[in-house]
Each structure stands twice: as structure tokens, then as C-alpha cells.
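For reference, structure-v9.txt is printed below; it contains compact mmCIF, N, CA and C atoms.
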# COMPACT_ATOMS: atom_id res chain seq x y z
N MET Z 229 -50.40 -57.64 96.67
CA MET Z 229 -48.97 -57.37 96.73
C MET Z 229 -48.49 -56.66 95.47
N SER Z 230 -49.04 -57.04 94.31
CA SER Z 230 -48.59 -56.40 93.07
C SER Z 230 -48.95 -54.93 93.04
N GLN Z 231 -50.08 -54.56 93.68
CA GLN Z 231 -50.44 -53.14 93.71
C GLN Z 231 -49.44 -52.35 94.54
N GLN Z 232 -48.98 -52.90 95.68
CA GLN Z 232 -47.97 -52.23 96.48
C GLN Z 232 -46.69 -52.06 95.68
N THR Z 233 -46.33 -53.09 94.94
CA THR Z 233 -45.12 -53.01 94.12
C THR Z 233 -45.27 -51.89 93.10
N SER Z 234 -46.42 -51.78 92.47
CA SER Z 234 -46.60 -50.74 91.47
C SER Z 234 -46.60 -49.35 92.11
N ILE Z 235 -47.09 -49.23 93.33
CA ILE Z 235 -47.05 -47.94 94.02
C ILE Z 235 -45.60 -47.56 94.32
N TRP Z 236 -44.82 -48.52 94.82
CA TRP Z 236 -43.41 -48.24 95.12
C TRP Z 236 -42.64 -47.94 93.84
N GLN Z 237 -42.97 -48.66 92.77
CA GLN Z 237 -42.32 -48.38 91.49
C GLN Z 237 -42.69 -46.97 91.02
N SER Z 238 -43.93 -46.57 91.24
CA SER Z 238 -44.35 -45.24 90.85
C SER Z 238 -43.58 -44.17 91.62
N PHE Z 239 -43.35 -44.39 92.91
CA PHE Z 239 -42.53 -43.46 93.69
C PHE Z 239 -41.11 -43.38 93.12
N ARG Z 240 -40.56 -44.54 92.78
CA ARG Z 240 -39.19 -44.58 92.23
C ARG Z 240 -39.15 -43.88 90.87
N HIS Z 241 -40.15 -44.14 90.02
CA HIS Z 241 -40.22 -43.46 88.73
C HIS Z 241 -40.35 -41.95 88.93
N GLY Z 242 -41.11 -41.54 89.95
CA GLY Z 242 -41.25 -40.12 90.25
C GLY Z 242 -39.93 -39.48 90.63
N GLN Z 243 -39.14 -40.17 91.43
CA GLN Z 243 -37.82 -39.65 91.80
C GLN Z 243 -36.93 -39.53 90.56
N ASP Z 244 -36.95 -40.55 89.73
CA ASP Z 244 -36.12 -40.52 88.51
C ASP Z 244 -36.57 -39.41 87.58
N TYR Z 245 -37.88 -39.25 87.43
CA TYR Z 245 -38.43 -38.22 86.55
C TYR Z 245 -38.08 -36.83 87.07
N MET Z 246 -38.14 -36.67 88.40
CA MET Z 246 -37.80 -35.40 89.02
C MET Z 246 -36.35 -35.04 88.73
N ALA Z 247 -35.48 -36.04 88.71
CA ALA Z 247 -34.07 -35.80 88.44
C ALA Z 247 -33.81 -35.55 86.96
N THR Z 248 -34.67 -36.06 86.09
CA THR Z 248 -34.47 -35.97 84.65
C THR Z 248 -35.06 -34.71 84.04
N TRP Z 249 -36.21 -34.27 84.53
CA TRP Z 249 -36.92 -33.16 83.90
C TRP Z 249 -36.06 -31.89 83.93
N PRO Z 250 -35.87 -31.24 82.77
CA PRO Z 250 -35.07 -29.99 82.76
C PRO Z 250 -35.86 -28.84 83.37
N MET Z 251 -35.30 -28.23 84.39
CA MET Z 251 -35.95 -27.12 85.08
C MET Z 251 -35.60 -25.82 84.33
N ARG Z 252 -36.28 -25.59 83.23
CA ARG Z 252 -36.02 -24.45 82.37
C ARG Z 252 -37.25 -23.56 82.31
N LYS Z 253 -37.01 -22.25 82.30
CA LYS Z 253 -38.12 -21.30 82.27
C LYS Z 253 -38.93 -21.43 80.99
N GLU Z 254 -38.30 -21.87 79.90
CA GLU Z 254 -39.02 -22.03 78.63
C GLU Z 254 -40.11 -23.10 78.75
N LEU Z 255 -39.91 -24.07 79.62
CA LEU Z 255 -40.85 -25.18 79.76
C LEU Z 255 -41.90 -24.93 80.84
N ALA Z 256 -41.65 -23.95 81.71
CA ALA Z 256 -42.54 -23.72 82.86
C ALA Z 256 -43.96 -23.37 82.44
N LEU Z 257 -44.11 -22.66 81.35
CA LEU Z 257 -45.46 -22.27 80.91
C LEU Z 257 -46.16 -23.38 80.13
N LEU Z 258 -45.38 -24.31 79.61
CA LEU Z 258 -45.95 -25.38 78.78
C LEU Z 258 -46.34 -26.62 79.56
N PHE Z 259 -45.62 -26.90 80.65
CA PHE Z 259 -45.82 -28.14 81.38
C PHE Z 259 -45.93 -27.86 82.88
N PRO Z 260 -46.75 -28.63 83.61
CA PRO Z 260 -46.88 -28.43 85.06
C PRO Z 260 -45.75 -29.09 85.85
N GLU Z 261 -44.89 -29.85 85.21
CA GLU Z 261 -43.85 -30.59 85.92
C GLU Z 261 -43.01 -29.72 86.85
N GLN Z 262 -42.61 -28.57 86.39
CA GLN Z 262 -41.74 -27.71 87.20
C GLN Z 262 -42.41 -27.34 88.52
N ARG Z 263 -43.68 -27.02 88.49
CA ARG Z 263 -44.40 -26.68 89.73
C ARG Z 263 -44.50 -27.89 90.65
N TYR Z 264 -44.80 -29.05 90.08
CA TYR Z 264 -44.90 -30.27 90.89
C TYR Z 264 -43.55 -30.63 91.49
N ILE Z 265 -42.49 -30.49 90.72
CA ILE Z 265 -41.15 -30.83 91.20
C ILE Z 265 -40.74 -29.90 92.34
N LYS Z 266 -40.97 -28.61 92.16
CA LYS Z 266 -40.63 -27.66 93.23
C LYS Z 266 -41.43 -27.94 94.50
N ALA Z 267 -42.73 -28.19 94.35
CA ALA Z 267 -43.57 -28.46 95.51
C ALA Z 267 -43.16 -29.76 96.18
N THR Z 268 -42.83 -30.78 95.41
CA THR Z 268 -42.43 -32.06 95.98
C THR Z 268 -41.10 -31.94 96.71
N ARG Z 269 -40.14 -31.25 96.11
CA ARG Z 269 -38.85 -31.05 96.80
C ARG Z 269 -39.04 -30.28 98.10
N PHE Z 270 -39.89 -29.27 98.08
CA PHE Z 270 -40.18 -28.51 99.29
C PHE Z 270 -40.82 -29.42 100.34
N ALA Z 271 -41.78 -30.23 99.92
CA ALA Z 271 -42.47 -31.13 100.85
C ALA Z 271 -41.51 -32.16 101.44
N ILE Z 272 -40.58 -32.65 100.63
CA ILE Z 272 -39.60 -33.62 101.13
C ILE Z 272 -38.73 -32.99 102.22
N ARG Z 273 -38.39 -31.72 102.06
CA ARG Z 273 -37.54 -31.04 103.04
C ARG Z 273 -38.31 -30.63 104.30
N VAL Z 274 -39.52 -30.13 104.13
CA VAL Z 274 -40.23 -29.46 105.23
C VAL Z 274 -41.24 -30.34 105.96
N MET Z 275 -41.95 -31.18 105.27
CA MET Z 275 -43.07 -31.89 105.89
C MET Z 275 -42.69 -32.88 107.00
N PRO Z 276 -41.53 -33.54 106.93
CA PRO Z 276 -41.18 -34.36 108.11
C PRO Z 276 -41.06 -33.53 109.39
N ALA Z 277 -40.50 -32.34 109.29
CA ALA Z 277 -40.38 -31.47 110.47
C ALA Z 277 -41.77 -31.02 110.94
N VAL Z 278 -42.65 -30.70 110.00
CA VAL Z 278 -44.02 -30.31 110.37
C VAL Z 278 -44.71 -31.45 111.10
N ALA Z 279 -44.51 -32.66 110.63
CA ALA Z 279 -45.14 -33.83 111.26
C ALA Z 279 -44.63 -34.01 112.68
N VAL Z 280 -43.34 -33.93 112.86
CA VAL Z 280 -42.76 -34.11 114.20
C VAL Z 280 -43.21 -32.99 115.13
N LEU Z 281 -43.16 -31.75 114.65
CA LEU Z 281 -43.55 -30.61 115.50
C LEU Z 281 -45.02 -30.67 115.89
N SER Z 282 -45.88 -31.13 114.98
CA SER Z 282 -47.31 -31.18 115.32
C SER Z 282 -47.56 -32.14 116.47
N VAL Z 283 -46.86 -33.25 116.51
CA VAL Z 283 -47.05 -34.22 117.60
C VAL Z 283 -46.33 -33.75 118.86
N LEU Z 284 -45.08 -33.32 118.71
CA LEU Z 284 -44.32 -32.91 119.89
C LEU Z 284 -44.91 -31.69 120.59
N SER Z 285 -45.49 -30.78 119.84
CA SER Z 285 -46.08 -29.60 120.48
C SER Z 285 -47.24 -29.97 121.38
N GLN Z 286 -48.03 -30.95 120.98
CA GLN Z 286 -49.14 -31.39 121.84
C GLN Z 286 -48.61 -32.11 123.08
N MET Z 287 -47.54 -32.87 122.88
CA MET Z 287 -46.97 -33.58 124.02
C MET Z 287 -46.27 -32.61 124.98
N ALA Z 288 -45.61 -31.60 124.45
CA ALA Z 288 -44.88 -30.65 125.30
C ALA Z 288 -45.82 -29.86 126.20
N PHE Z 289 -47.03 -29.58 125.71
CA PHE Z 289 -48.00 -28.82 126.50
C PHE Z 289 -48.98 -29.73 127.23
N ASN Z 290 -48.65 -31.01 127.30
CA ASN Z 290 -49.52 -31.99 127.97
C ASN Z 290 -50.96 -31.93 127.47
N ASN Z 291 -51.11 -31.70 126.21
CA ASN Z 291 -52.44 -31.64 125.61
C ASN Z 291 -52.71 -32.96 124.89
N TYR Z 292 -52.82 -34.01 125.67
CA TYR Z 292 -52.97 -35.35 125.10
C TYR Z 292 -54.34 -35.57 124.48
N ASP Z 293 -55.31 -34.71 124.81
CA ASP Z 293 -56.63 -34.82 124.19
C ASP Z 293 -56.56 -34.49 122.70
N ALA Z 294 -55.64 -33.62 122.32
CA ALA Z 294 -55.50 -33.21 120.92
C ALA Z 294 -54.48 -34.06 120.17
N LEU Z 295 -53.92 -35.05 120.83
CA LEU Z 295 -52.90 -35.89 120.19
C LEU Z 295 -53.42 -36.65 118.96
N PRO Z 296 -54.63 -37.19 118.98
CA PRO Z 296 -55.12 -37.86 117.76
C PRO Z 296 -55.18 -36.92 116.55
N GLN Z 297 -55.61 -35.68 116.77
CA GLN Z 297 -55.64 -34.71 115.68
C GLN Z 297 -54.23 -34.38 115.20
N ALA Z 298 -53.29 -34.27 116.14
CA ALA Z 298 -51.91 -33.98 115.79
C ALA Z 298 -51.30 -35.13 114.99
N ILE Z 299 -51.62 -36.35 115.37
CA ILE Z 299 -51.12 -37.52 114.63
C ILE Z 299 -51.72 -37.55 113.22
N THR Z 300 -53.00 -37.22 113.13
CA THR Z 300 -53.65 -37.16 111.81
C THR Z 300 -52.99 -36.10 110.94
N MET Z 301 -52.72 -34.95 111.53
CA MET Z 301 -52.04 -33.89 110.77
C MET Z 301 -50.63 -34.32 110.37
N ALA Z 302 -49.95 -35.02 111.25
CA ALA Z 302 -48.59 -35.50 110.95
C ALA Z 302 -48.63 -36.50 109.79
N LEU Z 303 -49.58 -37.39 109.81
CA LEU Z 303 -49.69 -38.36 108.71
C LEU Z 303 -50.02 -37.67 107.39
N PHE Z 304 -50.87 -36.67 107.44
CA PHE Z 304 -51.17 -35.91 106.22
C PHE Z 304 -49.93 -35.20 105.70
N ALA Z 305 -49.18 -34.58 106.62
CA ALA Z 305 -47.96 -33.87 106.21
C ALA Z 305 -46.96 -34.84 105.60
N LEU Z 306 -46.84 -36.02 106.17
CA LEU Z 306 -45.90 -37.01 105.63
C LEU Z 306 -46.37 -37.58 104.29
N SER Z 307 -47.66 -37.51 104.03
CA SER Z 307 -48.17 -38.04 102.75
C SER Z 307 -47.94 -37.06 101.58
N MET Z 308 -47.72 -35.80 101.88
CA MET Z 308 -47.61 -34.81 100.81
C MET Z 308 -46.44 -35.07 99.85
N PRO Z 309 -45.22 -35.36 100.33
CA PRO Z 309 -44.15 -35.68 99.38
C PRO Z 309 -44.47 -36.93 98.56
N LEU Z 310 -45.13 -37.90 99.20
CA LEU Z 310 -45.49 -39.12 98.49
C LEU Z 310 -46.51 -38.85 97.39
N GLN Z 311 -47.43 -37.92 97.65
CA GLN Z 311 -48.40 -37.57 96.62
C GLN Z 311 -47.71 -36.97 95.40
N GLY Z 312 -46.73 -36.09 95.64
CA GLY Z 312 -45.99 -35.49 94.53
C GLY Z 312 -45.19 -36.53 93.76
N LEU Z 313 -44.50 -37.42 94.47
CA LEU Z 313 -43.72 -38.46 93.80
C LEU Z 313 -44.62 -39.40 93.02
N TRP Z 314 -45.78 -39.73 93.58
CA TRP Z 314 -46.73 -40.62 92.88
C TRP Z 314 -47.20 -39.96 91.59
N TRP Z 315 -47.59 -38.67 91.65
CA TRP Z 315 -48.06 -37.97 90.45
C TRP Z 315 -46.95 -37.94 89.40
N LEU Z 316 -45.75 -37.59 89.81
CA LEU Z 316 -44.64 -37.52 88.86
C LEU Z 316 -44.34 -38.89 88.26
N GLY Z 317 -44.41 -39.93 89.08
CA GLY Z 317 -44.18 -41.29 88.58
C GLY Z 317 -45.22 -41.71 87.57
N LYS Z 318 -46.48 -41.43 87.86
CA LYS Z 318 -47.56 -41.77 86.91
C LYS Z 318 -47.42 -40.95 85.63
N ARG Z 319 -47.12 -39.67 85.79
CA ARG Z 319 -46.97 -38.78 84.63
C ARG Z 319 -45.82 -39.25 83.74
N SER Z 320 -44.72 -39.66 84.34
CA SER Z 320 -43.55 -40.06 83.55
C SER Z 320 -43.84 -41.25 82.66
N ARG Z 321 -44.75 -42.11 83.07
CA ARG Z 321 -45.07 -43.32 82.30
C ARG Z 321 -46.31 -43.14 81.42
N THR Z 322 -46.83 -41.92 81.33
CA THR Z 322 -47.99 -41.64 80.49
C THR Z 322 -47.54 -41.36 79.07
N ASP Z 323 -48.26 -41.95 78.10
CA ASP Z 323 -47.95 -41.68 76.69
C ASP Z 323 -48.22 -40.22 76.37
N LEU Z 324 -47.38 -39.66 75.52
CA LEU Z 324 -47.58 -38.28 75.08
C LEU Z 324 -48.79 -38.19 74.16
N PRO Z 325 -49.53 -37.09 74.22
CA PRO Z 325 -50.58 -36.89 73.23
C PRO Z 325 -49.94 -36.75 71.84
N PRO Z 326 -50.70 -37.01 70.77
CA PRO Z 326 -50.11 -37.01 69.43
C PRO Z 326 -49.33 -35.74 69.07
N SER Z 327 -49.83 -34.56 69.43
CA SER Z 327 -49.11 -33.34 69.07
C SER Z 327 -47.76 -33.25 69.78
N LEU Z 328 -47.72 -33.63 71.06
CA LEU Z 328 -46.46 -33.63 71.79
C LEU Z 328 -45.53 -34.74 71.31
N ALA Z 329 -46.09 -35.87 70.91
CA ALA Z 329 -45.26 -36.96 70.39
C ALA Z 329 -44.57 -36.51 69.10
N ASN Z 330 -45.30 -35.80 68.25
CA ASN Z 330 -44.68 -35.29 67.01
C ASN Z 330 -43.58 -34.28 67.33
N TRP Z 331 -43.83 -33.41 68.30
CA TRP Z 331 -42.84 -32.42 68.71
C TRP Z 331 -41.60 -33.11 69.26
N CYS Z 332 -41.81 -34.15 70.06
CA CYS Z 332 -40.71 -34.93 70.62
C CYS Z 332 -39.88 -35.58 69.51
N ARG Z 333 -40.56 -36.12 68.50
CA ARG Z 333 -39.85 -36.72 67.36
C ARG Z 333 -39.04 -35.68 66.59
N GLU Z 334 -39.59 -34.48 66.43
CA GLU Z 334 -38.86 -33.41 65.74
C GLU Z 334 -37.57 -33.07 66.47
N ILE Z 335 -37.65 -32.92 67.78
CA ILE Z 335 -36.46 -32.59 68.56
C ILE Z 335 -35.47 -33.75 68.52
N HIS Z 336 -35.96 -34.96 68.63
CA HIS Z 336 -35.12 -36.15 68.56
C HIS Z 336 -34.37 -36.19 67.23
N ASP Z 337 -35.10 -35.97 66.14
CA ASP Z 337 -34.48 -35.99 64.81
C ASP Z 337 -33.46 -34.86 64.66
N LYS Z 338 -33.75 -33.69 65.22
CA LYS Z 338 -32.83 -32.56 65.15
C LYS Z 338 -31.52 -32.89 65.88
N ILE Z 339 -31.62 -33.50 67.02
CA ILE Z 339 -30.41 -33.87 67.77
C ILE Z 339 -29.58 -34.86 66.96
N ILE Z 340 -30.22 -35.82 66.34
CA ILE Z 340 -29.51 -36.81 65.53
C ILE Z 340 -28.87 -36.14 64.30
N ARG Z 341 -29.61 -35.23 63.66
CA ARG Z 341 -29.06 -34.51 62.49
C ARG Z 341 -27.83 -33.67 62.86
N GLU Z 342 -27.80 -33.20 64.09
CA GLU Z 342 -26.65 -32.40 64.55
C GLU Z 342 -25.44 -33.29 64.84
N GLY Z 343 -25.60 -34.60 64.75
CA GLY Z 343 -24.48 -35.51 64.90
C GLY Z 343 -24.35 -36.17 66.27
N TYR Z 344 -25.35 -36.05 67.10
CA TYR Z 344 -25.30 -36.67 68.42
C TYR Z 344 -26.03 -38.00 68.39
N ALA Z 345 -25.55 -38.94 69.17
CA ALA Z 345 -26.17 -40.27 69.23
C ALA Z 345 -27.29 -40.27 70.26
N LEU Z 346 -28.39 -40.87 69.89
CA LEU Z 346 -29.54 -41.04 70.78
C LEU Z 346 -30.10 -42.43 70.58
N GLN Z 347 -30.71 -42.95 71.62
CA GLN Z 347 -31.42 -44.21 71.47
C GLN Z 347 -32.63 -43.99 70.57
N PRO Z 348 -33.03 -45.01 69.83
CA PRO Z 348 -34.23 -44.86 69.01
C PRO Z 348 -35.44 -44.52 69.88
N LEU Z 349 -36.31 -43.71 69.34
CA LEU Z 349 -37.50 -43.27 70.07
C LEU Z 349 -38.56 -44.37 70.00
N ARG Z 350 -39.26 -44.56 71.08
CA ARG Z 350 -40.35 -45.55 71.11
C ARG Z 350 -41.44 -45.14 70.13
N ALA Z 351 -42.23 -46.12 69.70
CA ALA Z 351 -43.34 -45.84 68.79
C ALA Z 351 -44.33 -44.88 69.45
N ARG Z 352 -44.56 -45.06 70.74
CA ARG Z 352 -45.44 -44.17 71.51
C ARG Z 352 -44.63 -43.59 72.66
N PRO Z 353 -43.96 -42.46 72.42
CA PRO Z 353 -43.11 -41.89 73.47
C PRO Z 353 -43.93 -41.45 74.69
N ARG Z 354 -43.27 -41.52 75.83
CA ARG Z 354 -43.89 -41.11 77.10
C ARG Z 354 -43.23 -39.82 77.58
N TYR Z 355 -43.76 -39.26 78.65
CA TYR Z 355 -43.20 -38.02 79.19
C TYR Z 355 -41.75 -38.20 79.64
N VAL Z 356 -41.38 -39.38 80.11
CA VAL Z 356 -40.01 -39.59 80.54
C VAL Z 356 -39.06 -39.49 79.35
N GLU Z 357 -39.44 -39.99 78.19
CA GLU Z 357 -38.60 -39.85 76.99
C GLU Z 357 -38.52 -38.39 76.56
N LEU Z 358 -39.64 -37.67 76.67
CA LEU Z 358 -39.62 -36.24 76.35
C LEU Z 358 -38.65 -35.51 77.26
N ALA Z 359 -38.66 -35.83 78.55
CA ALA Z 359 -37.73 -35.19 79.50
C ALA Z 359 -36.29 -35.47 79.12
N GLU Z 360 -35.99 -36.71 78.77
CA GLU Z 360 -34.61 -37.06 78.38
C GLU Z 360 -34.19 -36.32 77.11
N ILE Z 361 -35.09 -36.24 76.14
CA ILE Z 361 -34.77 -35.57 74.88
C ILE Z 361 -34.62 -34.07 75.10
N LEU Z 362 -35.49 -33.47 75.89
CA LEU Z 362 -35.37 -32.04 76.18
C LEU Z 362 -34.07 -31.74 76.91
N ASN Z 363 -33.71 -32.61 77.84
CA ASN Z 363 -32.43 -32.44 78.54
C ASN Z 363 -31.27 -32.43 77.56
N ARG Z 364 -31.26 -33.40 76.66
CA ARG Z 364 -30.19 -33.47 75.65
C ARG Z 364 -30.22 -32.25 74.76
N ALA Z 365 -31.40 -31.81 74.36
CA ALA Z 365 -31.51 -30.66 73.47
C ALA Z 365 -30.94 -29.40 74.13
N PHE Z 366 -31.28 -29.17 75.39
CA PHE Z 366 -30.77 -27.98 76.08
C PHE Z 366 -29.27 -28.06 76.30
N LYS Z 367 -28.73 -29.26 76.45
CA LYS Z 367 -27.29 -29.40 76.68
C LYS Z 367 -26.49 -29.36 75.38
N GLN Z 368 -27.04 -29.90 74.29
CA GLN Z 368 -26.22 -30.11 73.10
C GLN Z 368 -26.55 -29.22 71.92
N LEU Z 369 -27.75 -28.70 71.85
CA LEU Z 369 -28.10 -27.85 70.72
C LEU Z 369 -27.87 -26.39 71.08
N ASP Z 370 -27.52 -25.60 70.10
CA ASP Z 370 -27.33 -24.18 70.36
C ASP Z 370 -28.69 -23.49 70.45
N LYS Z 371 -28.68 -22.28 70.98
CA LYS Z 371 -29.94 -21.56 71.19
C LYS Z 371 -30.71 -21.34 69.90
N GLY Z 372 -30.00 -21.11 68.80
CA GLY Z 372 -30.67 -20.90 67.51
C GLY Z 372 -31.49 -22.10 67.08
N ALA Z 373 -30.98 -23.28 67.36
CA ALA Z 373 -31.70 -24.50 67.00
C ALA Z 373 -32.94 -24.68 67.87
N LEU Z 374 -32.91 -24.17 69.08
CA LEU Z 374 -34.03 -24.34 70.01
C LEU Z 374 -35.10 -23.25 69.85
N GLU Z 375 -34.73 -22.12 69.26
CA GLU Z 375 -35.67 -21.01 69.17
C GLU Z 375 -36.92 -21.36 68.40
N ARG Z 376 -36.82 -22.27 67.47
CA ARG Z 376 -37.99 -22.67 66.68
C ARG Z 376 -39.08 -23.25 67.56
N TRP Z 377 -38.68 -23.92 68.61
CA TRP Z 377 -39.67 -24.60 69.46
C TRP Z 377 -40.10 -23.77 70.65
N PHE Z 378 -39.34 -22.76 71.03
CA PHE Z 378 -39.71 -22.00 72.24
C PHE Z 378 -39.91 -20.57 71.89

C-alpha cells encoding of this file:
Amino acid sequence: MSQQTSIWQSFRHGQDYMATWPMRKELALLFPEQRYIKATRFAIRVMPAVAVLSVLSQMAFNNYDALPQAITMALFALSMPLQGLWWLGKRSRTDLPPSLANWCREIHDKIIREGYALQPLRARPRYVELAEILNRAFKQLDKGALERWF
């Protein structure tokens, strides 16, 4: 039961991370998140329709022999958004590598020096904290302050 809970929590963390990550062109070359988020959003919109059409098309043409394959394809299509959410959820809770953690601390300190309030940074920041800090940086710092990092 605890494993199911962690899977569902991972999906929820993935949704939260997807909403938090700044979709900026400056970050697209540095991190895979933008590609995963776009693919997951597309899968959430399109794959339920693909699943329904794959089953209904076999039923409409009375091709019941191919129905098991259509159901298998439908289940695969329905799993695609979940795969994206799971990856994003796991990624959001992953500790940053040391070089990225230092970069995250630099941006965090810069935001505080500019006079904005932020929660203290964890000793070992994760990708979700990086997303929150980058979001704040893009919203509150001027372009000149960000040019050093991008």
C-alpha cells in the first residue's frame, strides 16, 4: 500500500512541478524539463481520445478479433501522461548535483540581496526548489541581473 501511495504522491508532485517550472527559452537548452512538460501536457490532452478511438474503431467495424490489441493500445496511450507525470514527480524530488546546487544558492542570494523575501534554502536543494527560485528570479530580477547566468 505504501508503494501505491508513493506513486500517487509522485504523480501529484509531477503536476505541481509542471505548474512551477518556468517555461523559458533560456532554460530549454540547459534542462530537459521543458520537453517533458510539453510532451506530458500534449499526452494529457490527446491520449484519452486516442485510447477511446482505438477501441471504438474496432467495435464500429465489428472487428472483435482485434479488440484485445486495441485495448492494449488504449492502455498504453492512457499510460503515457502518467509516465510523464511520474518522471516529473521523481525529478522534482531529486537533489541537485553540487554545481547546480551552488548555482541555485547564487540566484537565491541575489534575490535576497535585491530586497525580496525568500524562504531559507535547504541544505541539499532539489529541482523543485530550483524551479521556485528560477520562477522568482524571472519575475523579480531585471534582465541585467539574469544575464550573468544565461

### Query
Z:Gly372, Z:Pro276, Z:Pro353, Z:Gly242: which is nearest Asp323 in chain Z, counting all atoms listed in the file?
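Ranking Z:Gly372, Z:Pro276, Z:Pro353, Z:Gly242 by distance to Asp323 in chain Z, first place goes to Z:Pro353.
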
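Considering all atoms listed in the file, the residue among Z:Asp244, Z:Leu316, Z:Gln237, Z:His336 positioned nearest to Ile361 in chain Z is Z:His336.
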
#### Entry: For Ile265 in chain Z, the nearest of the candidates Z:Met246, Z:Leu295, Z:Ile340, Z:Leu369, counting only N, CA and C atoms
Z:Met246

### Query
Residues of chain Z in alpha helix (DSSP H) according to DSSP, as a PyMOL selection string?
chain Z and resi 230-248+253-256+261-288+295-320+326-341+355-368+371-374

What's the 8 Å shell around Ser307 in chain Z, counting only N, CA and C atoms, without same-chain residues fewer than 5 positions away, as a CSV table (one decimal) with N, CA and C atoms, in the frame of the given file?
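This went into around-v8.csv:
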chain,number,residue,atom,x,y,z
Z,275,MET,N,-42.0,-31.2,105.3
Z,275,MET,CA,-43.1,-31.9,105.9
Z,275,MET,C,-42.7,-32.9,107.0
Z,276,PRO,N,-41.5,-33.5,106.9
Z,276,PRO,CA,-41.2,-34.4,108.1
Z,276,PRO,C,-41.1,-33.5,109.4
Z,301,MET,N,-52.7,-35.0,111.5
Z,301,MET,CA,-52.0,-33.9,110.8
Z,301,MET,C,-50.6,-34.3,110.4
Z,302,ALA,N,-50.0,-35.0,111.2
Z,302,ALA,CA,-48.6,-35.5,111.0
Z,302,ALA,C,-48.6,-36.5,109.8
Z,312,GLY,N,-46.7,-36.1,95.6
Z,312,GLY,CA,-46.0,-35.5,94.5
Z,312,GLY,C,-45.2,-36.5,93.8
Z,313,LEU,N,-44.5,-37.4,94.5
Z,313,LEU,CA,-43.7,-38.5,93.8
Z,313,LEU,C,-44.6,-39.4,93.0

### Query
Which residue gives the smallest distance to Thr322 in chain Z among Z:Met251, Z:Ile335, Z:Val356, Z:Leu349, with all atoms listed in the file counted?
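The answer is Z:Val356, which sits nearest to Thr322 in chain Z.
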
Could you give me range 338-349 of chain Z completed to N, CA, C and O atoms, formatted as a tab-separated table (two decimals), in the frame of the given file?
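Ended up saving to result-v1.tsv:
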chain	number	residue	atom	x	y	z
Z	338	LYS	N	-33.75	-33.69	65.22
Z	338	LYS	CA	-32.83	-32.56	65.15
Z	338	LYS	C	-31.52	-32.89	65.88
Z	338	LYS	O	-30.44	-32.58	65.38
Z	339	ILE	N	-31.62	-33.50	67.02
Z	339	ILE	CA	-30.41	-33.87	67.77
Z	339	ILE	C	-29.58	-34.86	66.96
Z	339	ILE	O	-28.35	-34.74	66.88
Z	340	ILE	N	-30.22	-35.82	66.34
Z	340	ILE	CA	-29.51	-36.81	65.53
Z	340	ILE	C	-28.87	-36.14	64.30
Z	340	ILE	O	-27.72	-36.43	63.96
Z	341	ARG	N	-29.61	-35.23	63.66
Z	341	ARG	CA	-29.06	-34.51	62.49
Z	341	ARG	C	-27.83	-33.67	62.86
Z	341	ARG	O	-26.96	-33.46	62.03
Z	342	GLU	N	-27.80	-33.20	64.09
Z	342	GLU	CA	-26.65	-32.40	64.55
Z	342	GLU	C	-25.44	-33.29	64.84
Z	342	GLU	O	-24.38	-32.79	65.19
Z	343	GLY	N	-25.60	-34.60	64.75
Z	343	GLY	CA	-24.48	-35.51	64.90
Z	343	GLY	C	-24.35	-36.17	66.27
Z	343	GLY	O	-23.34	-36.80	66.56
Z	344	TYR	N	-25.35	-36.05	67.10
Z	344	TYR	CA	-25.30	-36.67	68.42
Z	344	TYR	C	-26.03	-38.00	68.39
Z	344	TYR	O	-27.02	-38.16	67.67
Z	345	ALA	N	-25.55	-38.94	69.17
Z	345	ALA	CA	-26.17	-40.27	69.23
Z	345	ALA	C	-27.29	-40.27	70.26
Z	345	ALA	O	-27.15	-39.73	71.35
Z	346	LEU	N	-28.39	-40.87	69.89
Z	346	LEU	CA	-29.54	-41.04	70.78
Z	346	LEU	C	-30.10	-42.43	70.58
Z	346	LEU	O	-30.01	-42.99	69.48
Z	347	GLN	N	-30.71	-42.95	71.62
Z	347	GLN	CA	-31.42	-44.21	71.47
Z	347	GLN	C	-32.63	-43.99	70.57
Z	347	GLN	O	-33.20	-42.89	70.55
Z	348	PRO	N	-33.03	-45.01	69.83
Z	348	PRO	CA	-34.23	-44.86	69.01
Z	348	PRO	C	-35.44	-44.52	69.88
Z	348	PRO	O	-35.55	-44.99	71.01
Z	349	LEU	N	-36.31	-43.71	69.34
Z	349	LEU	CA	-37.50	-43.27	70.07
Z	349	LEU	C	-38.56	-44.37	70.00
Z	349	LEU	O	-38.72	-45.02	68.96
